[in-house]
$ cat input_39.cif   # mmCIF, N, CA and C atoms
data_input
#
loop_
_atom_site.label_atom_id
_atom_site.label_comp_id
_atom_site.auth_asym_id
_atom_site.auth_seq_id
_atom_site.Cartn_x
_atom_site.Cartn_y
_atom_site.Cartn_z
N MET N 1 71.97 -88.89 -62.66
CA MET N 1 71.51 -87.54 -62.84
C MET N 1 69.97 -87.49 -62.81
N GLU N 2 69.35 -88.46 -63.41
CA GLU N 2 67.89 -88.50 -63.45
C GLU N 2 67.33 -88.68 -62.04
N ALA N 3 67.95 -89.46 -61.21
CA ALA N 3 67.47 -89.69 -59.86
C ALA N 3 67.53 -88.41 -59.02
N LEU N 4 68.50 -87.55 -59.29
CA LEU N 4 68.63 -86.31 -58.55
C LEU N 4 67.42 -85.40 -58.83
N GLY N 5 67.01 -85.25 -60.05
CA GLY N 5 65.87 -84.42 -60.42
C GLY N 5 64.57 -85.00 -59.91
N ARG N 6 64.49 -86.31 -59.91
CA ARG N 6 63.28 -86.97 -59.45
C ARG N 6 63.07 -86.76 -57.95
N GLY N 7 64.13 -86.71 -57.21
CA GLY N 7 64.05 -86.48 -55.78
C GLY N 7 63.49 -85.10 -55.46
N ARG N 8 63.84 -84.13 -56.26
CA ARG N 8 63.32 -82.77 -56.05
C ARG N 8 61.81 -82.73 -56.29
N VAL N 9 61.37 -83.47 -57.29
CA VAL N 9 59.94 -83.50 -57.59
C VAL N 9 59.19 -84.17 -56.44
N GLU N 10 59.74 -85.25 -55.92
CA GLU N 10 59.09 -85.96 -54.81
C GLU N 10 59.06 -85.10 -53.55
N GLN N 11 60.10 -84.27 -53.34
CA GLN N 11 60.11 -83.38 -52.18
C GLN N 11 59.13 -82.23 -52.36
N ALA N 12 58.98 -81.76 -53.56
CA ALA N 12 58.11 -80.61 -53.82
C ALA N 12 56.64 -81.00 -53.86
N MET N 13 56.33 -82.25 -54.18
CA MET N 13 54.95 -82.66 -54.35
C MET N 13 54.12 -82.53 -53.07
N PRO N 14 54.58 -82.96 -51.90
CA PRO N 14 53.77 -82.77 -50.69
C PRO N 14 53.53 -81.28 -50.39
N GLN N 15 54.54 -80.44 -50.64
CA GLN N 15 54.37 -79.01 -50.42
C GLN N 15 53.33 -78.44 -51.38
N LEU N 16 53.37 -78.87 -52.62
CA LEU N 16 52.42 -78.41 -53.62
C LEU N 16 51.00 -78.82 -53.23
N ILE N 17 50.85 -80.07 -52.83
CA ILE N 17 49.52 -80.55 -52.41
C ILE N 17 49.03 -79.77 -51.19
N PHE N 18 49.92 -79.52 -50.24
CA PHE N 18 49.57 -78.76 -49.04
C PHE N 18 49.10 -77.36 -49.42
N PHE N 19 49.83 -76.67 -50.28
CA PHE N 19 49.45 -75.32 -50.68
C PHE N 19 48.16 -75.31 -51.48
N LEU N 20 47.92 -76.32 -52.29
CA LEU N 20 46.67 -76.40 -53.04
C LEU N 20 45.48 -76.59 -52.10
N ILE N 21 45.68 -77.39 -51.06
CA ILE N 21 44.62 -77.59 -50.07
C ILE N 21 44.34 -76.28 -49.32
N ILE N 22 45.40 -75.57 -48.95
CA ILE N 22 45.25 -74.29 -48.26
C ILE N 22 44.53 -73.29 -49.15
N ILE N 23 44.89 -73.23 -50.42
CA ILE N 23 44.25 -72.30 -51.36
C ILE N 23 42.77 -72.66 -51.54
N ALA N 24 42.47 -73.95 -51.66
CA ALA N 24 41.08 -74.38 -51.82
C ALA N 24 40.27 -74.04 -50.57
N ALA N 25 40.83 -74.24 -49.39
CA ALA N 25 40.13 -73.91 -48.15
C ALA N 25 39.91 -72.40 -48.03
N ALA N 26 40.90 -71.62 -48.41
CA ALA N 26 40.76 -70.16 -48.36
C ALA N 26 39.68 -69.70 -49.34
N TYR N 27 39.65 -70.28 -50.52
CA TYR N 27 38.64 -69.92 -51.52
C TYR N 27 37.24 -70.27 -51.02
N TYR N 28 37.09 -71.46 -50.46
CA TYR N 28 35.80 -71.88 -49.91
C TYR N 28 35.38 -70.96 -48.76
N GLY N 29 36.32 -70.64 -47.89
CA GLY N 29 36.03 -69.74 -46.77
C GLY N 29 35.62 -68.36 -47.25
N TYR N 30 36.30 -67.85 -48.27
CA TYR N 30 35.97 -66.54 -48.83
C TYR N 30 34.57 -66.55 -49.42
N LYS N 31 34.24 -67.59 -50.18
CA LYS N 31 32.91 -67.69 -50.78
C LYS N 31 31.83 -67.77 -49.71
N ALA N 32 32.09 -68.54 -48.64
CA ALA N 32 31.12 -68.65 -47.55
C ALA N 32 30.95 -67.31 -46.85
N PHE N 33 32.05 -66.58 -46.67
CA PHE N 33 31.99 -65.26 -46.03
C PHE N 33 31.18 -64.29 -46.88
N VAL N 34 31.41 -64.28 -48.17
CA VAL N 34 30.67 -63.37 -49.07
C VAL N 34 29.19 -63.72 -49.07
N ARG N 35 28.87 -65.00 -49.12
CA ARG N 35 27.47 -65.44 -49.11
C ARG N 35 26.77 -65.00 -47.81
N GLU N 36 27.45 -65.17 -46.68
CA GLU N 36 26.89 -64.77 -45.39
C GLU N 36 26.74 -63.25 -45.32
N ALA N 37 27.72 -62.51 -45.82
CA ALA N 37 27.64 -61.05 -45.80
C ALA N 37 26.48 -60.56 -46.65
N GLN N 38 26.23 -61.18 -47.78
CA GLN N 38 25.10 -60.80 -48.62
C GLN N 38 23.78 -61.10 -47.92
N ARG N 39 23.72 -62.23 -47.24
CA ARG N 39 22.50 -62.60 -46.52
C ARG N 39 22.21 -61.60 -45.41
N VAL N 40 23.24 -61.24 -44.65
CA VAL N 40 23.06 -60.30 -43.55
C VAL N 40 22.71 -58.91 -44.08
N SER N 41 23.35 -58.49 -45.15
CA SER N 41 23.05 -57.18 -45.74
C SER N 41 21.60 -57.12 -46.22
N ALA N 42 21.13 -58.18 -46.84
CA ALA N 42 19.75 -58.22 -47.31
C ALA N 42 18.78 -58.15 -46.13
N LYS N 43 19.12 -58.83 -45.04
CA LYS N 43 18.27 -58.81 -43.85
C LYS N 43 18.22 -57.41 -43.25
N VAL N 44 19.37 -56.74 -43.19
CA VAL N 44 19.43 -55.39 -42.64
C VAL N 44 18.65 -54.43 -43.52
N ARG N 45 18.79 -54.55 -44.84
CA ARG N 45 18.03 -53.69 -45.76
C ARG N 45 16.52 -53.90 -45.58
N ARG N 46 16.12 -55.16 -45.43
CA ARG N 46 14.71 -55.48 -45.21
C ARG N 46 14.21 -54.83 -43.92
N GLN N 47 15.01 -54.94 -42.86
CA GLN N 47 14.61 -54.36 -41.58
C GLN N 47 14.55 -52.84 -41.65
N GLU N 48 15.50 -52.22 -42.36
CA GLU N 48 15.46 -50.77 -42.52
C GLU N 48 14.22 -50.33 -43.29
N LYS N 49 13.89 -51.08 -44.32
CA LYS N 49 12.71 -50.78 -45.12
C LYS N 49 11.44 -50.93 -44.27
N GLN N 50 11.40 -51.97 -43.45
CA GLN N 50 10.24 -52.19 -42.58
C GLN N 50 10.13 -51.07 -41.55
N ALA N 51 11.27 -50.62 -41.02
CA ALA N 51 11.25 -49.53 -40.03
C ALA N 51 10.78 -48.24 -40.68
N ALA N 52 11.18 -48.00 -41.92
CA ALA N 52 10.76 -46.79 -42.62
C ALA N 52 9.27 -46.82 -42.92
N ASN N 53 8.74 -47.99 -43.23
CA ASN N 53 7.32 -48.13 -43.55
C ASN N 53 6.45 -48.28 -42.30
N GLY N 54 7.07 -48.58 -41.18
CA GLY N 54 6.32 -48.79 -39.95
C GLY N 54 5.66 -50.16 -39.89
N THR N 55 6.18 -51.12 -40.63
CA THR N 55 5.61 -52.47 -40.62
C THR N 55 6.31 -53.33 -39.58
N ILE N 56 5.67 -54.43 -39.22
CA ILE N 56 6.22 -55.33 -38.22
C ILE N 56 7.01 -56.45 -38.88
N GLY N 57 6.60 -56.89 -40.04
CA GLY N 57 7.28 -57.98 -40.72
C GLY N 57 6.82 -58.08 -42.15
N THR N 58 7.38 -59.04 -42.87
CA THR N 58 7.02 -59.27 -44.26
C THR N 58 6.14 -60.50 -44.34
N LEU N 59 5.02 -60.36 -45.01
CA LEU N 59 4.12 -61.49 -45.18
C LEU N 59 4.48 -62.27 -46.44
N VAL N 60 4.43 -63.60 -46.31
CA VAL N 60 4.73 -64.50 -47.42
C VAL N 60 3.55 -65.44 -47.58
N LYS N 61 3.13 -65.64 -48.82
CA LYS N 61 1.98 -66.51 -49.06
C LYS N 61 2.45 -67.97 -49.10
N ASP N 62 1.76 -68.81 -48.34
CA ASP N 62 2.04 -70.25 -48.35
C ASP N 62 1.42 -70.84 -49.61
N PRO N 63 2.24 -71.46 -50.48
CA PRO N 63 1.71 -71.96 -51.75
C PRO N 63 0.71 -73.11 -51.57
N VAL N 64 0.79 -73.85 -50.50
CA VAL N 64 -0.09 -75.00 -50.29
C VAL N 64 -1.46 -74.56 -49.77
N THR N 65 -1.44 -73.75 -48.70
CA THR N 65 -2.71 -73.37 -48.07
C THR N 65 -3.26 -72.05 -48.60
N GLY N 66 -2.41 -71.23 -49.18
CA GLY N 66 -2.84 -69.92 -49.67
C GLY N 66 -2.93 -68.87 -48.58
N GLU N 67 -2.52 -69.22 -47.37
CA GLU N 67 -2.56 -68.29 -46.25
C GLU N 67 -1.24 -67.49 -46.20
N TYR N 68 -1.33 -66.29 -45.64
CA TYR N 68 -0.15 -65.46 -45.47
C TYR N 68 0.39 -65.64 -44.06
N ARG N 69 1.70 -65.61 -43.95
CA ARG N 69 2.36 -65.74 -42.65
C ARG N 69 3.59 -64.83 -42.66
N LEU N 70 4.14 -64.57 -41.49
CA LEU N 70 5.35 -63.78 -41.41
C LEU N 70 6.54 -64.57 -41.95
N ALA N 71 7.38 -63.89 -42.72
CA ALA N 71 8.57 -64.53 -43.28
C ALA N 71 9.56 -64.84 -42.18
N LYS N 72 10.18 -66.00 -42.26
CA LYS N 72 11.20 -66.40 -41.29
C LYS N 72 12.55 -65.99 -41.82
N ASP N 73 13.37 -65.40 -40.94
CA ASP N 73 14.72 -64.97 -41.33
C ASP N 73 15.75 -66.00 -41.02
#

$ encode --input "input_39.cif" --output "structure tokens"
Amino acid sequence: MEALGRGRVEQAMPQLIFFLIIIAAAYYGYKAFVREAQRVSAKVRRQEKQAANGTIGTLVKDPVTGEYRLAKD
């Protein structure tokens, strides 16, 4: 009787591991998608703000040289 129950666990374990891997990959993909969407949204907001102000780009101060340069997107 014990061997019968043990066989079910051994059959279910690969399926469980497979589904856990799928869930982890989906979670990672979702997080990457959200991060990219936030980055793109921020870039679009920056560009809209620049268009409203009539500016060409955003200047960023270089901490080493103290010079200003255009921000890289």

$ closest_residue --input "input_39.cif" --among "N:Ser41, N:Gln15, N:Lys72, N:Tyr28" --to "Val60 in chain N" --atoms "only N, CA and C atoms"
N:Lys72

$ axis_aligned_box --input "input_39.cif" --around "range 63-72 of chain N" --padding-each-side "5 Å" --output "lines of an AutoDock Vina configuration file"
center_x = 4.6
center_y = -69.4
center_z = -46.5
size_x = 25.8
size_y = 21.2
size_z = 20.5

$ resolve_selection --input "input_39.cif" --expression "the PyMOL selection byres (((chain N and resi 69 and name CA) around 12) and name CA)" --output "PyMOL selection string"
chain N and resi 56-63+65-68+70-72

$ atom_distance --input "input_39.cif" --atom1 "CA of Thr55 in chain N" --atom2 "CA of Ala42 in chain N"
16.7 Å

$ select_by_dssp --input "input_39.cif" --residues "chain N" --states "strand (DSSP E)" --output "PyMOL selection string"
chain N and resi 59-61+68-70
